[in-house]
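What follows is the content of my_file09.cif, which has mmCIF, C-alpha atoms:
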data_data
loop_
_atom_site.label_atom_id
_atom_site.label_comp_id
_atom_site.auth_asym_id
_atom_site.auth_seq_id
_atom_site.Cartn_x
_atom_site.Cartn_y
_atom_site.Cartn_z
CA MET H 1 0.00 0.00 0.00
CA ASN H 2 1.30 3.47 -0.76
CA GLU H 3 1.26 6.21 1.85
CA ALA H 4 -1.94 7.92 0.64
CA ALA H 5 -3.85 4.64 0.67
CA GLU H 6 -2.55 3.84 4.17
CA THR H 7 -3.70 7.21 5.46
CA LYS H 8 -7.11 6.66 3.90
CA THR H 9 -7.42 3.23 5.55
CA GLN H 10 -6.39 4.71 8.91
CA ASN H 11 -8.93 7.51 8.55
CA ARG H 12 -11.68 5.00 7.81
CA ARG H 13 -10.69 2.99 10.86
CA ASP H 14 -10.70 6.11 13.04
CA GLN H 15 -14.15 7.06 11.75
CA LEU H 16 -15.48 3.56 12.34
CA ARG H 17 -14.02 3.55 15.88
CA GLU H 18 -15.69 6.88 16.62
CA ARG H 19 -19.06 5.68 15.28
CA VAL H 20 -18.92 2.47 17.33
CA LEU H 21 -17.92 4.43 20.45
CA ASP H 22 -20.73 6.97 19.89
CA ALA H 23 -23.26 4.15 19.47
CA ALA H 24 -22.08 2.35 22.63
CA GLU H 25 -22.15 5.61 24.59
CA ALA H 26 -25.70 6.37 23.42
CA ALA H 27 -26.81 2.84 24.38
CA ILE H 28 -25.31 3.10 27.87
CA CYS H 29 -26.82 6.56 28.42
CA ALA H 30 -30.24 5.32 27.30
CA GLN H 31 -30.47 1.93 29.00
CA GLY H 32 -27.45 1.55 31.26
CA LEU H 33 -24.66 -0.97 31.01
CA SER H 34 -26.97 -3.99 31.09
CA GLY H 35 -28.71 -2.64 27.97
CA LEU H 36 -25.50 -2.72 25.91
CA LYS H 37 -25.64 -5.35 23.16
CA ALA H 38 -22.90 -5.65 20.52
CA ARG H 39 -25.50 -6.40 17.84
CA ASP H 40 -27.40 -3.15 18.55
CA VAL H 41 -24.17 -1.15 18.65
CA ALA H 42 -23.18 -2.50 15.22
CA LYS H 43 -26.61 -1.66 13.84
CA ALA H 44 -26.56 1.89 15.23
CA ALA H 45 -23.00 2.40 13.96
CA GLY H 46 -23.99 1.07 10.53
CA CYS H 47 -21.36 -1.66 10.46
CA ALA H 48 -21.16 -5.44 10.62
CA LEU H 49 -20.98 -7.08 14.06
CA GLY H 50 -17.41 -8.26 13.37
CA ALA H 51 -16.28 -4.73 12.48
CA ILE H 52 -16.56 -3.74 16.17
CA TYR H 53 -13.71 -6.12 16.91
CA MET H 54 -11.53 -4.56 14.23
CA VAL H 55 -11.46 -1.31 16.22
CA PHE H 56 -11.89 -2.58 19.81
CA ALA H 57 -10.17 -5.65 21.25
CA ASP H 58 -13.40 -6.73 22.96
CA LEU H 59 -16.54 -5.39 24.64
CA ASP H 60 -14.57 -4.59 27.81
CA GLU H 61 -12.31 -2.23 25.89
CA LEU H 62 -15.35 -0.62 24.27
CA ILE H 63 -17.05 -0.12 27.67
CA LEU H 64 -13.85 1.26 29.23
CA SER H 65 -13.60 3.71 26.33
CA VAL H 66 -17.14 4.94 27.02
CA ASN H 67 -16.29 5.11 30.72
CA ALA H 68 -13.19 7.18 29.92
CA ARG H 69 -15.48 9.71 28.23
CA THR H 70 -17.61 9.74 31.39
CA LEU H 71 -14.50 10.28 33.54
CA ALA H 72 -13.54 13.22 31.31
CA ARG H 73 -17.02 14.75 31.70
CA LEU H 74 -16.89 14.26 35.46
CA GLU H 75 -13.41 15.77 35.64
CA ALA H 76 -14.58 18.76 33.62
CA ALA H 77 -17.58 19.25 35.94
CA LEU H 78 -15.40 19.05 39.06
CA ALA H 79 -12.74 21.35 37.55
CA ALA H 80 -15.39 23.94 36.60
CA ALA H 81 -16.83 24.06 40.13
CA GLU H 82 -16.44 27.44 41.76
CA PRO H 83 -15.57 26.70 45.36
CA SER H 84 -17.75 28.88 47.58
CA GLY H 85 -15.41 28.86 50.55
CA ASP H 86 -15.48 25.15 51.19
CA ALA H 87 -13.77 23.34 48.31
CA LEU H 88 -14.41 19.77 49.52
CA LEU H 89 -18.09 20.45 50.03
CA THR H 90 -18.35 22.03 46.59
CA LEU H 91 -16.70 19.00 44.97
CA ALA H 92 -19.01 16.60 46.85
CA ARG H 93 -22.06 18.55 45.69
CA VAL H 94 -20.86 18.62 42.09
CA TYR H 95 -20.38 14.85 42.33
CA LEU H 96 -23.93 14.33 43.59
CA ASP H 97 -25.20 16.60 40.86
CA PHE H 98 -23.28 14.74 38.15
CA ALA H 99 -24.44 11.35 39.45
CA SER H 100 -28.10 12.30 39.42
CA ARG H 101 -27.93 14.17 36.12
CA GLU H 102 -25.95 11.50 34.25
CA GLU H 103 -27.11 8.49 36.20
CA PRO H 104 -26.83 5.62 33.67
CA ARG H 105 -23.34 6.52 32.48
CA TRP H 106 -22.25 7.27 36.05
CA ARG H 107 -23.49 3.85 37.18
CA ALA H 108 -21.65 2.19 34.30
CA LEU H 109 -18.35 3.47 35.74
CA PHE H 110 -18.89 1.26 38.79
CA GLU H 111 -21.03 -1.56 37.45
CA HIS H 112 -18.49 -2.59 34.85
CA ARG H 113 -16.08 -5.14 36.23
CA LEU H 114 -13.31 -6.87 34.32
CA PRO H 115 -12.95 -10.65 34.66
CA PRO H 116 -10.65 -11.37 37.65
CA GLN H 117 -7.61 -12.39 35.59
CA LYS H 118 -7.80 -9.39 33.25
CA PRO H 119 -5.70 -6.38 34.27
CA LEU H 120 -7.08 -2.85 33.99
CA PRO H 121 -5.43 -1.13 30.99
CA GLU H 122 -2.88 1.50 31.99
CA TRP H 123 -4.42 4.18 29.76
CA TYR H 124 -7.68 3.83 31.69
CA ALA H 125 -5.99 3.91 35.10
CA ARG H 126 -4.26 7.16 34.09
CA GLU H 127 -7.57 8.77 33.05
CA ARG H 128 -9.15 7.70 36.33
CA ASP H 129 -6.26 8.88 38.49
CA ARG H 130 -6.46 12.42 37.09
CA LEU H 131 -9.78 12.73 38.92
CA PHE H 132 -8.16 12.53 42.34
CA VAL H 133 -5.67 15.30 41.67
CA LEU H 134 -8.63 17.69 41.98
CA LEU H 135 -9.29 16.36 45.49
CA GLU H 136 -5.68 16.37 46.59
CA ALA H 137 -5.31 20.16 46.49
CA PRO H 138 -8.05 21.02 49.05
CA LEU H 139 -7.08 18.00 51.17
CA GLY H 140 -3.47 19.18 51.12
CA ARG H 141 -4.52 22.57 52.49
CA LEU H 142 -6.15 20.80 55.44
CA LEU H 143 -3.16 18.47 55.93
CA PRO H 144 -0.07 20.47 54.94
CA GLN H 145 2.30 17.98 56.60
CA GLU H 146 0.89 14.92 54.83
CA PRO H 147 3.28 13.14 52.44
CA LYS H 148 2.15 13.20 48.80
CA GLU H 149 1.51 9.45 48.55
CA ARG H 150 -0.65 9.37 51.67
CA LEU H 151 -2.57 12.41 50.51
CA ARG H 152 -3.34 10.58 47.28
CA GLN H 153 -4.64 7.61 49.25
CA ARG H 154 -6.73 9.83 51.50
CA ALA H 155 -8.25 11.51 48.44
CA ARG H 156 -9.38 8.09 47.19
CA THR H 157 -10.86 7.14 50.55
CA LEU H 158 -12.71 10.45 50.80
CA PHE H 159 -14.02 9.95 47.27
CA SER H 160 -15.21 6.44 48.21
CA ALA H 161 -17.00 7.69 51.31
CA VAL H 162 -18.81 10.43 49.36
CA HIS H 163 -19.59 7.91 46.62
CA GLY H 164 -21.19 5.58 49.19
CA VAL H 165 -23.45 8.34 50.49
CA VAL H 166 -24.43 9.42 46.96
CA LEU H 167 -25.00 5.84 45.74
CA LEU H 168 -27.10 4.59 48.65
CA GLY H 169 -28.87 7.96 48.81
CA LEU H 170 -29.89 8.01 45.14
CA ASP H 171 -30.96 4.36 45.40
CA GLU H 172 -32.87 5.19 48.60
CA LYS H 173 -31.30 2.02 49.91
CA LEU H 174 -31.32 2.91 53.60
CA ALA H 175 -34.30 5.23 53.85
CA ALA H 176 -36.66 7.31 51.74
CA THR H 177 -34.41 10.21 50.73
CA THR H 178 -35.13 13.55 49.13
CA ARG H 179 -32.50 15.35 47.10
CA GLY H 180 -32.39 18.10 49.73
CA GLY H 181 -31.98 15.56 52.54
CA LEU H 182 -29.16 13.90 50.66
CA GLU H 183 -27.38 17.23 50.21
CA THR H 184 -27.74 17.95 53.92
CA GLU H 185 -26.26 14.57 54.87
CA LEU H 186 -23.39 15.03 52.43
CA SER H 187 -22.66 18.47 53.93
CA ARG H 188 -22.71 17.06 57.45
CA LEU H 189 -20.32 14.26 56.52
CA ILE H 190 -17.89 16.69 54.89
CA GLU H 191 -18.12 19.01 57.91
CA VAL H 192 -17.31 16.13 60.27
CA ILE H 193 -14.40 14.97 58.11
CA GLU H 194 -13.00 18.49 57.83
CA ALA H 195 -13.31 19.03 61.57
CA GLY H 196 -11.56 15.69 62.13
CA LEU H 197 -8.73 16.45 59.72
CA LYS H 198 -8.19 19.85 61.34
CA ALA H 199 -8.16 18.27 64.80
CA GLN H 200 -5.63 15.67 63.62
CA ALA H 201 -3.44 18.28 61.88
CA GLY H 202 -3.45 20.37 65.07
CA ARG H 203 -2.19 17.52 67.22
CA MET K 204 -62.11 -28.09 54.42
CA ASN K 205 -61.95 -29.21 58.03
CA GLU K 206 -59.37 -27.80 60.42
CA ALA K 207 -56.89 -30.69 60.16
CA ALA K 208 -56.90 -30.49 56.37
CA GLU K 209 -56.39 -26.71 56.49
CA THR K 210 -53.40 -27.10 58.80
CA LYS K 211 -51.94 -29.72 56.50
CA THR K 212 -52.34 -27.43 53.47
CA GLN K 213 -50.74 -24.57 55.37
CA ASN K 214 -47.82 -26.78 56.43
CA ARG K 215 -47.26 -27.85 52.83
CA ARG K 216 -47.28 -24.22 51.72
CA ASP K 217 -44.79 -23.30 54.44
CA GLN K 218 -42.51 -26.14 53.44
CA LEU K 219 -42.72 -25.17 49.76
CA ARG K 220 -41.96 -21.54 50.63
CA GLU K 221 -38.91 -22.61 52.63
CA ARG K 222 -37.64 -24.84 49.81
CA VAL K 223 -38.05 -22.07 47.20
CA LEU K 224 -36.33 -19.57 49.51
CA ASP K 225 -33.45 -22.00 50.19
CA ALA K 226 -33.01 -22.61 46.45
CA ALA K 227 -33.00 -18.88 45.64
CA GLU K 228 -30.54 -18.20 48.46
CA ALA K 229 -28.20 -20.94 47.21
CA ALA K 230 -28.39 -19.57 43.64
CA ILE K 231 -27.58 -16.00 44.77
CA CYS K 232 -24.68 -17.22 46.94
CA ALA K 233 -23.28 -19.27 44.06
CA GLN K 234 -23.70 -16.89 41.12
CA GLY K 235 -24.90 -13.58 42.46
CA LEU K 236 -28.19 -11.85 41.75
CA SER K 237 -27.76 -11.87 37.96
CA GLY K 238 -27.52 -15.68 38.10
CA LEU K 239 -30.98 -16.03 39.64
CA LYS K 240 -33.45 -17.65 37.22
CA ALA K 241 -36.96 -18.65 38.32
CA ARG K 242 -36.77 -21.83 36.23
CA ASP K 243 -33.59 -22.99 38.02
CA VAL K 244 -35.05 -22.13 41.42
CA ALA K 245 -38.16 -24.23 40.67
CA LYS K 246 -35.99 -27.13 39.54
CA ALA K 247 -33.77 -26.97 42.64
CA ALA K 248 -36.83 -26.69 44.91
CA GLY K 249 -38.47 -29.65 43.14
CA CYS K 250 -41.63 -27.75 42.19
CA ALA K 251 -43.32 -26.40 39.09
CA LEU K 252 -42.37 -22.91 37.89
CA GLY K 253 -45.86 -21.63 38.72
CA ALA K 254 -45.62 -22.94 42.30
CA ILE K 255 -43.07 -20.21 43.12
CA TYR K 256 -45.81 -17.64 42.60
CA MET K 257 -48.15 -19.47 44.96
CA VAL K 258 -45.77 -18.69 47.85
CA PHE K 259 -44.12 -15.44 46.66
CA ALA K 260 -45.96 -12.56 44.99
CA ASP K 261 -43.16 -12.17 42.44
CA LEU K 262 -39.38 -12.48 41.99
CA ASP K 263 -38.84 -9.17 43.81
CA GLU K 264 -40.49 -10.55 46.94
CA LEU K 265 -38.39 -13.70 46.67
CA ILE K 266 -35.17 -11.69 46.33
CA LEU K 267 -36.12 -9.38 49.22
CA SER K 268 -36.75 -12.49 51.34
CA VAL K 269 -33.25 -13.79 50.57
CA ASN K 270 -31.88 -10.30 51.28
CA ALA K 271 -33.71 -10.30 54.64
CA ARG K 272 -31.79 -13.47 55.54
CA THR K 273 -28.56 -11.68 54.57
CA LEU K 274 -29.51 -8.68 56.72
CA ALA K 275 -30.13 -11.04 59.65
CA ARG K 276 -26.69 -12.65 59.16
CA LEU K 277 -25.04 -9.24 58.93
CA GLU K 278 -26.88 -8.05 62.04
CA ALA K 279 -25.77 -11.19 63.92
CA ALA K 280 -22.14 -10.62 62.85
CA LEU K 281 -22.22 -6.97 63.92
CA ALA K 282 -23.96 -7.79 67.21
CA ALA K 283 -21.41 -10.52 68.01
CA ALA K 284 -18.45 -8.15 67.49
CA GLU K 285 -16.47 -7.60 70.67
CA PRO K 286 -15.54 -3.93 70.60
CA SER K 287 -11.85 -3.60 71.36
CA GLY K 288 -12.04 -0.06 72.70
CA ASP K 289 -13.24 1.54 69.51
CA ALA K 290 -16.77 0.37 68.76
CA LEU K 291 -17.21 2.17 65.43
CA LEU K 292 -13.93 0.83 64.10
CA THR K 293 -14.85 -2.69 65.20
CA LEU K 294 -18.20 -2.45 63.42
CA ALA K 295 -16.57 -1.13 60.24
CA ARG K 296 -14.07 -4.01 60.27
CA VAL K 297 -16.81 -6.58 60.82
CA TYR K 298 -18.66 -5.06 57.87
CA LEU K 299 -15.59 -5.34 55.63
CA ASP K 300 -15.11 -8.90 56.80
CA PHE K 301 -18.74 -9.81 56.12
CA ALA K 302 -18.66 -8.21 52.66
CA SER K 303 -15.56 -10.08 51.56
CA ARG K 304 -16.61 -13.39 53.13
CA GLU K 305 -20.18 -13.33 51.83
CA GLU K 306 -19.61 -11.28 48.72
CA PRO K 307 -22.36 -12.47 46.33
CA ARG K 308 -25.18 -12.25 48.89
CA TRP K 309 -23.79 -8.97 50.22
CA ARG K 310 -23.76 -7.51 46.68
CA ALA K 311 -27.33 -8.71 46.12
CA LEU K 312 -28.46 -6.42 48.98
CA PHE K 313 -27.42 -3.39 46.94
CA GLU K 314 -27.75 -4.62 43.36
CA HIS K 315 -31.42 -5.45 43.71
CA ARG K 316 -33.58 -2.48 42.85
CA LEU K 317 -37.36 -2.40 42.75
CA PRO K 318 -39.09 -0.83 39.75
CA PRO K 319 -39.52 2.92 40.43
CA GLN K 320 -43.26 2.79 41.09
CA LYS K 321 -43.07 -0.19 43.46
CA PRO K 322 -42.79 0.71 47.16
CA LEU K 323 -40.40 -1.20 49.43
CA PRO K 324 -42.44 -3.57 51.63
CA GLU K 325 -42.66 -2.42 55.24
CA TRP K 326 -41.54 -5.77 56.66
CA TYR K 327 -38.28 -5.43 54.72
CA ALA K 328 -37.71 -1.80 55.79
CA ARG K 329 -38.12 -2.90 59.43
CA GLU K 330 -35.53 -5.67 59.03
CA ARG K 331 -33.11 -3.23 57.42
CA ASP K 332 -33.63 -0.50 60.00
CA ARG K 333 -32.68 -2.83 62.86
CA LEU K 334 -29.14 -2.79 61.49
CA PHE K 335 -28.65 0.87 62.26
CA VAL K 336 -29.65 0.54 65.90
CA LEU K 337 -26.27 -1.15 66.41
CA LEU K 338 -24.53 1.94 65.05
CA GLU K 339 -26.62 4.43 66.97
CA ALA K 340 -25.32 3.37 70.40
CA PRO K 341 -21.59 4.12 69.78
CA LEU K 342 -22.51 7.25 67.80
CA GLY K 343 -24.69 8.40 70.69
CA ARG K 344 -21.75 8.11 73.08
CA LEU K 345 -19.78 10.47 70.81
CA LEU K 346 -22.72 12.84 70.40
CA PRO K 347 -24.65 12.72 73.68
CA GLN K 348 -26.63 15.90 72.86
CA GLU K 349 -27.82 14.69 69.46
CA PRO K 350 -31.59 14.23 69.09
CA LYS K 351 -32.62 10.62 68.42
CA GLU K 352 -33.88 11.25 64.88
CA ARG K 353 -30.70 13.00 63.79
CA LEU K 354 -28.59 10.29 65.36
CA ARG K 355 -30.48 7.75 63.28
CA GLN K 356 -29.79 9.76 60.14
CA ARG K 357 -26.11 10.12 61.02
CA ALA K 358 -25.86 6.36 61.55
CA ARG K 359 -27.15 5.82 58.01
CA THR K 360 -24.71 8.34 56.54
CA LEU K 361 -21.80 6.77 58.41
CA PHE K 362 -22.87 3.35 57.18
CA SER K 363 -23.01 4.68 53.59
CA ALA K 364 -19.53 6.18 53.84
CA VAL K 365 -18.05 2.93 55.16
CA HIS K 366 -19.98 1.01 52.51
CA GLY K 367 -18.46 3.20 49.78
CA VAL K 368 -14.93 2.52 51.00
CA VAL K 369 -15.59 -1.23 51.29
CA LEU K 370 -17.34 -1.44 47.90
CA LEU K 371 -14.81 0.51 45.83
CA GLY K 372 -11.97 -1.12 47.78
CA LEU K 373 -13.12 -4.70 47.18
CA ASP K 374 -13.75 -3.86 43.52
CA GLU K 375 -10.32 -2.19 43.34
CA LYS K 376 -12.18 0.54 41.49
CA LEU K 377 -9.86 3.41 42.37
CA ALA K 378 -6.54 1.65 42.82
CA ALA K 379 -5.01 -1.78 43.28
CA THR K 380 -5.94 -2.54 46.89
CA THR K 381 -4.80 -5.21 49.32
CA ARG K 382 -7.03 -6.33 52.15
CA GLY K 383 -4.55 -4.86 54.64
CA GLY K 384 -4.47 -1.54 52.78
CA LEU K 385 -8.25 -1.43 52.77
CA GLU K 386 -8.38 -2.05 56.53
CA THR K 387 -5.87 0.75 57.08
CA GLU K 388 -7.91 3.19 55.00
CA LEU K 389 -11.09 2.21 56.80
CA SER K 390 -9.39 2.78 60.18
CA ARG K 391 -8.12 6.17 59.07
CA LEU K 392 -11.56 7.24 57.90
CA ILE K 393 -13.16 6.17 61.17
CA GLU K 394 -10.43 7.96 63.14
CA VAL K 395 -11.02 11.17 61.19
CA ILE K 396 -14.79 10.92 61.63
CA GLU K 397 -14.47 10.24 65.37
CA ALA K 398 -12.05 13.14 65.78
CA GLY K 399 -14.49 15.36 63.88
CA LEU K 400 -17.50 14.28 65.92
CA LYS K 401 -15.60 14.88 69.15
CA ALA K 402 -14.49 18.32 67.94
CA GLN K 403 -18.09 19.17 66.99
CA ALA K 404 -19.50 17.86 70.30
CA GLY K 405 -16.94 19.96 72.21
CA ARG K 406 -17.94 23.17 70.49
#

What is this file in structure tokens?
Amino acid sequence: MNEAAETKTQNRRDQLRERVLDAAEAAICAQGLSGLKARDVAKAAGCALGAIYMVFADLDELILSVNARTLARLEAALAAAEPSGDALLTLARVYLDFASREEPRWRALFEHRLPPQKPLPEWYARERDRLFVLLEAPLGRLLPQEPKERLRQRARTLFSAVHGVVLLGLDEKLAATTRGGLETELSRLIEVIEAGLKAQAGR
Amino acid sequence: MNEAAETKTQNRRDQLRERVLDAAEAAICAQGLSGLKARDVAKAAGCALGAIYMVFADLDELILSVNARTLARLEAALAAAEPSGDALLTLARVYLDFASREEPRWRALFEHRLPPQKPLPEWYARERDRLFVLLEAPLGRLLPQEPKERLRQRARTLFSAVHGVVLLGLDEKLAATTRGGLETELSRLIEVIEAGLKAQAGR
């Protein structure tokens, strides 16, 4: 193949990849992860079923690619938040807002699990880890003495705790919950954690 | 029907109900909630498919009945915990232990969701709410001035936060996580929350 033909083939591949990714994203947003069927994705992308596997190694890679788009949207929402005094509280509220506004694609982030023997691709781990950088800055202001690596770990734990409150709250798993009640509980949790971190830093 | 015949019919129904429930519980423990098929449950219980619906209103009621057994096991585990000084930390560790030891049935508690228009049965809500009573006592010692209703709400939020850390930790959603690392993070979170509650109570 000459160079021009190679470029053309690559362009076609890129376009096909984008169409398949768009179709999978639309399916997840409409019906959640459990509604994703390769056959429907191929149909919506206007390609043969086998063509999906020319541009994605398997369905897991396709789902992780949709999830990476969701991570980018979440990161953008968190980065755009204007902290009104309390940065951690603002981030927690933006997270709740994102989860309820983009519920199916947000759920897909956590519902998708790779088979036990399959490692998470490094490109995905990097995308995901960028999210916690946004949490490390306000945490670092509360814990100026904390070593970088421990701060990173604390950011993940704080994220997990907030995630638990948002998840069980939106599902109304533990009690009937209004959106306002959920926001109040989230604020109280953040207040307690901030008070605790300050008390520990002052020791 | 005379009384003896009625009792016999009732006994048969009770036995059938127990067999169906045992079969559904075994299926959830073996393959998780997504592996539960009414046809397989009927086969394992040695009854016709339609017989399931003579003793359970629908699959949701059957799943909630299995989940109620899981709640009772979790409650027993939490109640049996010998607090080694720090009651909240002990409870959080027992929860992590239960989740990793009984993972499929623990997941089923949270993965099962009723259709939006269907209310949660009151008998199930009562079973679930008993769990939080165990958390309210140690929380009440940290917050002796807190009104009962707010204490109850705080217990739920604390449970949700711990659940988030356990869930994302066991899934290794945010980072590669060892069991020891997860226990450390859980301890740190509880320490921060306790320090925060004490600081707030002392205000």

Produce a table with one row for each residue of chain H that has an atom at most 9 Å from any atom of chain K, each row naming the nearest atom pair and its distance in Å at one decimal; use all atoms listed in the file; arrange rows by chain and rising residue number; format as a Markdown table.
| residue | atom | partner | partner_atom | distance |
| --- | --- | --- | --- | --- |
| H:Leu109 | CA | K:Lys376 | CA | 8.9 |
| H:Phe110 | CA | K:Lys376 | CA | 7.3 |
| H:Arg113 | CA | K:Asp374 | CA | 7.8 |
| H:Ala125 | CA | K:Ala378 | CA | 8.1 |
| H:Arg128 | CA | K:Leu377 | CA | 7.4 |
| H:Asp129 | CA | K:Leu377 | CA | 7.6 |
| H:Gln153 | CA | K:Glu388 | CA | 8.0 |
| H:Arg154 | CA | K:Glu388 | CA | 7.6 |
| H:Arg156 | CA | K:Leu377 | CA | 6.7 |
| H:Thr157 | CA | K:Val368 | CA | 6.2 |
| H:Leu158 | CA | K:Leu392 | CA | 7.9 |
| H:Phe159 | CA | K:Val368 | CA | 8.4 |
| H:Ser160 | CA | K:Val368 | CA | 4.8 |
| H:Ala161 | CA | K:Ala364 | CA | 3.9 |
| H:Val162 | CA | K:Ala364 | CA | 6.2 |
| H:His163 | CA | K:Gly367 | CA | 5.8 |
| H:Gly164 | CA | K:Gly367 | CA | 3.7 |
| H:Val165 | CA | K:Ser363 | CA | 4.8 |
| H:Val166 | CA | K:Ser363 | CA | 8.3 |
| H:Leu167 | CA | K:Gly367 | CA | 8.1 |
| H:Leu168 | CA | K:Ser363 | CA | 6.4 |
| H:Gly169 | CA | K:Ser363 | CA | 8.2 |
| H:Asp171 | CA | K:Arg316 | CA | 7.8 |
| H:Lys173 | CA | K:Phe313 | CA | 7.3 |
| H:Leu174 | CA | K:Arg359 | CA | 6.7 |
| H:Ala175 | CA | K:Ala328 | CA | 8.1 |
| H:Glu185 | CA | K:Thr360 | CA | 6.6 |
| H:Leu186 | CA | K:Thr360 | CA | 8.0 |
| H:Arg188 | CA | K:Arg357 | CA | 8.5 |
| H:Leu189 | CA | K:Thr360 | CA | 7.4 |
| H:Glu191 | CA | K:Gly399 | CA | 7.9 |
| H:Val192 | CA | K:Gly399 | CA | 4.6 |
| H:Ile193 | CA | K:Ile396 | CA | 5.4 |
| H:Glu194 | CA | K:Gly399 | CA | 7.0 |
| H:Ala195 | CA | K:Gly399 | CA | 4.5 |
| H:Gly196 | CA | K:Gly399 | CA | 3.4 |
| H:Leu197 | CA | K:Val395 | CA | 5.9 |
| H:Lys198 | CA | K:Gly399 | CA | 8.1 |
| H:Ala199 | CA | K:Ala398 | CA | 6.5 |
| H:Gln200 | CA | K:Ala398 | CA | 7.2 |

Pick out the residues sitting within 9 Å of stretch 248-264 of chain K, and hand them over as a PyMOL selection string; count all atoms listed in the file, and ignore anything fewer than 3 positions along from it in its own chain.
chain K and resi 216-217+219-227+241-245+267-269+315-317+324

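Going from atom CA of H:Gly35 to atom CA of H:Ala68 covers 18.5 Å.
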
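When atom CA of K:Leu342 is paired with atom CA of H:Thr177, their separation reads 21.0 Å.
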
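The two atoms in question, atom CA of H:Asp86 and atom CA of H:Ser187, are spaced 10.2 Å apart.
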
Please enclose the listed atoms of stretch 167-183 of chain H in an axis-aligned box, pad each side by 6 Å, and write out the centre and the three edge lengths in Å, rounded to one decimal, as JSON.
{"center_x": -30.8, "center_y": 10.1, "center_z": 49.5, "size_x": 23.7, "size_y": 28.1, "size_z": 20.7}

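Restricting the calculation to only C-alpha atoms, the smallest distance between K:Leu281 and any of K:Ile266, K:Leu239, K:Val336, K:Ala230 is found for K:Val336.
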
Give me the residues within 10 Å of K:Gly343 as a list of chain:residue names, counting only C-alpha atoms and dropping any in the same chain fewer than 6 places off.
K:Glu349, K:Pro350, K:Lys351, K:Leu354, K:Arg355, K:Arg357, K:Ala358

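Shortest separation to K:Cys232 among K:Glu305, K:Glu325, K:Glu330, K:Glu352 occurs at residue K:Glu305, atoms counted being only C-alpha atoms.
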
Shell of 8 Å around K:Pro307, only C-alpha atoms, local chain residues under 2 positions omitted, as a list in words:
Ile231, Cys232, Ala233, Gln234, Gly235, Leu236, Glu305, Trp309, Arg310 and Ala311 of chain K

List as a ChimeraX atom specification: which residues have an atom within 10 Å of (-17.6, 12.8, 38.5), counting all atoms listed in the file?
/H:70-79,91-92,94-99,102,106,109,131,159,163

Residues proximal to (-21.7, 1.3, 68.3) were defined as those with any atom within 8 Å of that point in the file's coordinates, counting all atoms listed in the file. Which are they, as a ChimeraX atom specification?
/K:290-291,294,337-342
